[in-house]
Amino acid sequence: MASIFPKTLSRNSEALTAAQQQILTSSHIAVIGCGGLGGYVIEELARIGIGWLTIYDPDTFSPSNCNRQINALNSTQGKNKAEVAAQRILDMGTGCIPKAIPFDYRDHLPKKKHDIGVVIDCLDSIETRFHLSDLCNTLAIPLVHGAVTSWYGQLGVQLPGFNLAAAIFPAKTNQSAEQSPPSVLSFTVATIASLQACEAVKLLLGIPSPLHNNWAQIDLKHNTFDYMPATHP
């Protein structure tokens, strides 16, 4: 495989076949949110050799991001999160081509399926998660969900036709704009993001997962991984 793909991907060779690597190299993923979860998701997808990443985030880095966001540094304060992540991807040399969209995804995600194979939800609002879930169903694109707080996280995969947001959040509530941001730990973010990246790769490669149209709660404090009953709303 080393003669076909860049040397930067050569250590994938025993875990992935050349055909599987080719699928990943030819794939396009959209990541919605480039902060805590999104930063690590983007990092891992670029390093495994995803061909194209379109990444969305209107926000800029601030000091409070530095405890958990991989791209939050003194040198990136005040800079757009999507643009910083895109520049980091280009510096990796894995062949991944990033497209940074420094705006709200709701105004810029394609209204047709285009060539996006998977969408990854790294949002922090229940309202926008419902919108993204519905949009992915409209476009018939699989969606990988992740969320974190403190020592805890959740993870799920929505295949077209299933409403994962409604299964996870049966009582849809609006989050107050004045609500204090939750406490989030770095290893919780990195763990859930890694699982999201893994599920996205499995979707692209056609590998079955118990998280398809299902979700799980992860408790890192007590080392538990519990699948939750997900029924179609």
# chains A, B, ... in the order shown; residues from 1 in each chain; ligands from 1
call {"tool": "select_by_dssp", "arguments": {"residues": "segment 79-121 of chain A", "states": "helix (DSSP H, G or I)", "output": "list in words"}}
result
Lys81, Ala82, Glu83, Val84, Ala85, Ala86, Gln87, Arg88, Ile89, Leu90, Asp91, Met92, Tyr105, Arg106 and Asp107 of chain A
call {"tool": "select_by_dssp", "arguments": {"residues": "segment 127-194 of chain A", "states": "strand (DSSP E or B)", "output": "VMD selection string"}}
result
chain A and resid 143 to 150 152 to 158 184
call {"tool": "write_last_selection", "arguments": {"atoms": "N, CA and C atoms", "output": "mmCIF file, in the first residue's frame"}}
result
data_model
loop_
_atom_site.group_PDB
_atom_site.id
_atom_site.type_symbol
_atom_site.label_atom_id
_atom_site.label_comp_id
_atom_site.auth_asym_id
_atom_site.auth_seq_id
_atom_site.Cartn_x
_atom_site.Cartn_y
_atom_site.Cartn_z
ATOM 1 N N LEU A 143 -25.877 9.925 9.747
ATOM 2 C CA LEU A 143 -25.454 10.935 10.712
ATOM 3 C C LEU A 143 -24.852 10.250 11.930
ATOM 4 N N VAL A 144 -23.689 10.733 12.367
ATOM 5 C CA VAL A 144 -23.055 10.231 13.587
ATOM 6 C C VAL A 144 -23.165 11.311 14.655
ATOM 7 N N HIS A 145 -23.831 10.967 15.760
ATOM 8 C CA HIS A 145 -24.085 11.921 16.841
ATOM 9 C C HIS A 145 -23.114 11.707 17.991
ATOM 10 N N GLY A 146 -22.720 12.800 18.637
ATOM 11 C CA GLY A 146 -21.936 12.721 19.855
ATOM 12 C C GLY A 146 -22.230 13.914 20.734
ATOM 13 N N ALA A 147 -22.147 13.713 22.042
ATOM 14 C CA ALA A 147 -22.349 14.805 22.995
ATOM 15 C C ALA A 147 -21.582 14.481 24.266
ATOM 16 N N VAL A 148 -21.147 15.514 24.983
ATOM 17 C CA VAL A 148 -20.335 15.308 26.184
ATOM 18 C C VAL A 148 -20.717 16.289 27.283
ATOM 19 N N THR A 149 -20.505 15.847 28.515
ATOM 20 C CA THR A 149 -20.551 16.721 29.682
ATOM 21 C C THR A 149 -19.788 16.043 30.800
ATOM 22 N N SER A 150 -18.915 16.785 31.438
ATOM 23 C CA SER A 150 -18.146 16.267 32.568
ATOM 24 C C SER A 150 -17.419 14.963 32.205
ATOM 25 N N TYR A 152 -19.010 12.258 31.236
ATOM 26 C CA TYR A 152 -20.003 11.440 30.549
ATOM 27 C C TYR A 152 -20.180 11.870 29.083
ATOM 28 N N GLY A 153 -20.556 10.905 28.256
ATOM 29 C CA GLY A 153 -20.816 11.205 26.864
ATOM 30 C C GLY A 153 -21.868 10.294 26.288
ATOM 31 N N GLN A 154 -22.337 10.625 25.116
ATOM 32 C CA GLN A 154 -23.272 9.758 24.395
ATOM 33 C C GLN A 154 -22.903 9.741 22.926
ATOM 34 N N LEU A 155 -23.301 8.651 22.283
ATOM 35 C CA LEU A 155 -22.886 8.387 20.913
ATOM 36 C C LEU A 155 -23.980 7.605 20.217
ATOM 37 N N GLY A 156 -24.260 7.951 18.974
ATOM 38 C CA GLY A 156 -25.262 7.209 18.216
ATOM 39 C C GLY A 156 -25.084 7.398 16.723
ATOM 40 N N VAL A 157 -25.727 6.525 15.950
ATOM 41 C CA VAL A 157 -25.652 6.591 14.490
ATOM 42 C C VAL A 157 -27.063 6.540 13.924
ATOM 43 N N GLN A 158 -27.398 7.529 13.120
ATOM 44 C CA GLN A 158 -28.701 7.579 12.450
ATOM 45 C C GLN A 158 -28.526 7.197 10.986
ATOM 46 N N VAL A 184 -16.759 20.341 30.953
ATOM 47 C CA VAL A 184 -16.364 19.302 30.000
ATOM 48 C C VAL A 184 -14.881 19.004 30.193
#
call {"tool": "closest_atom_pairs", "arguments": {"of": "segment 125-204 of chain A", "to": "segment 94-109 of chain A", "cutoff": "9 Å", "atoms": "only C-alpha atoms", "output": "CSV"}}
result
residue,atom,partner,partner_atom,distance
A:Thr128,CA,A:Arg106,CA,8.7
A:His131,CA,A:Arg106,CA,8.4
A:Leu132,CA,A:Arg106,CA,8.2
call {"tool": "closest_residue", "arguments": {"among": "A:Asp115, A:Thr25, A:Asp59, A:Leu53", "to": "Leu90 of chain A", "atoms": "only C-alpha atoms"}}
result
A:Leu53
call {"tool": "closest_residue", "arguments": {"among": "A:Asp121, A:Glu14, A:Asp226, A:Asp57", "to": "Ala193 of chain A", "atoms": "only C-alpha atoms"}}
result
A:Asp121
call {"tool": "residues_around", "arguments": {"residues": "Pro63 of chain A", "least_positions_apart": "4", "cutoff": "10 Å", "atoms": "only C-alpha atoms", "output": "PyMOL selection string"}}
result
chain A and resi 67+72-74+76-78
call {"tool": "closest_residue", "arguments": {"among": "A:Gly117, A:Val41, A:Phe61, A:Phe130", "to": "Leu24 of chain A", "atoms": "only C-alpha atoms"}}
result
A:Gly117
call {"tool": "atom_distance", "arguments": {"atom1": "atom CA of Ile116 of chain A", "atom2": "atom CA of Leu164 of chain A"}}
result
19.1 Å
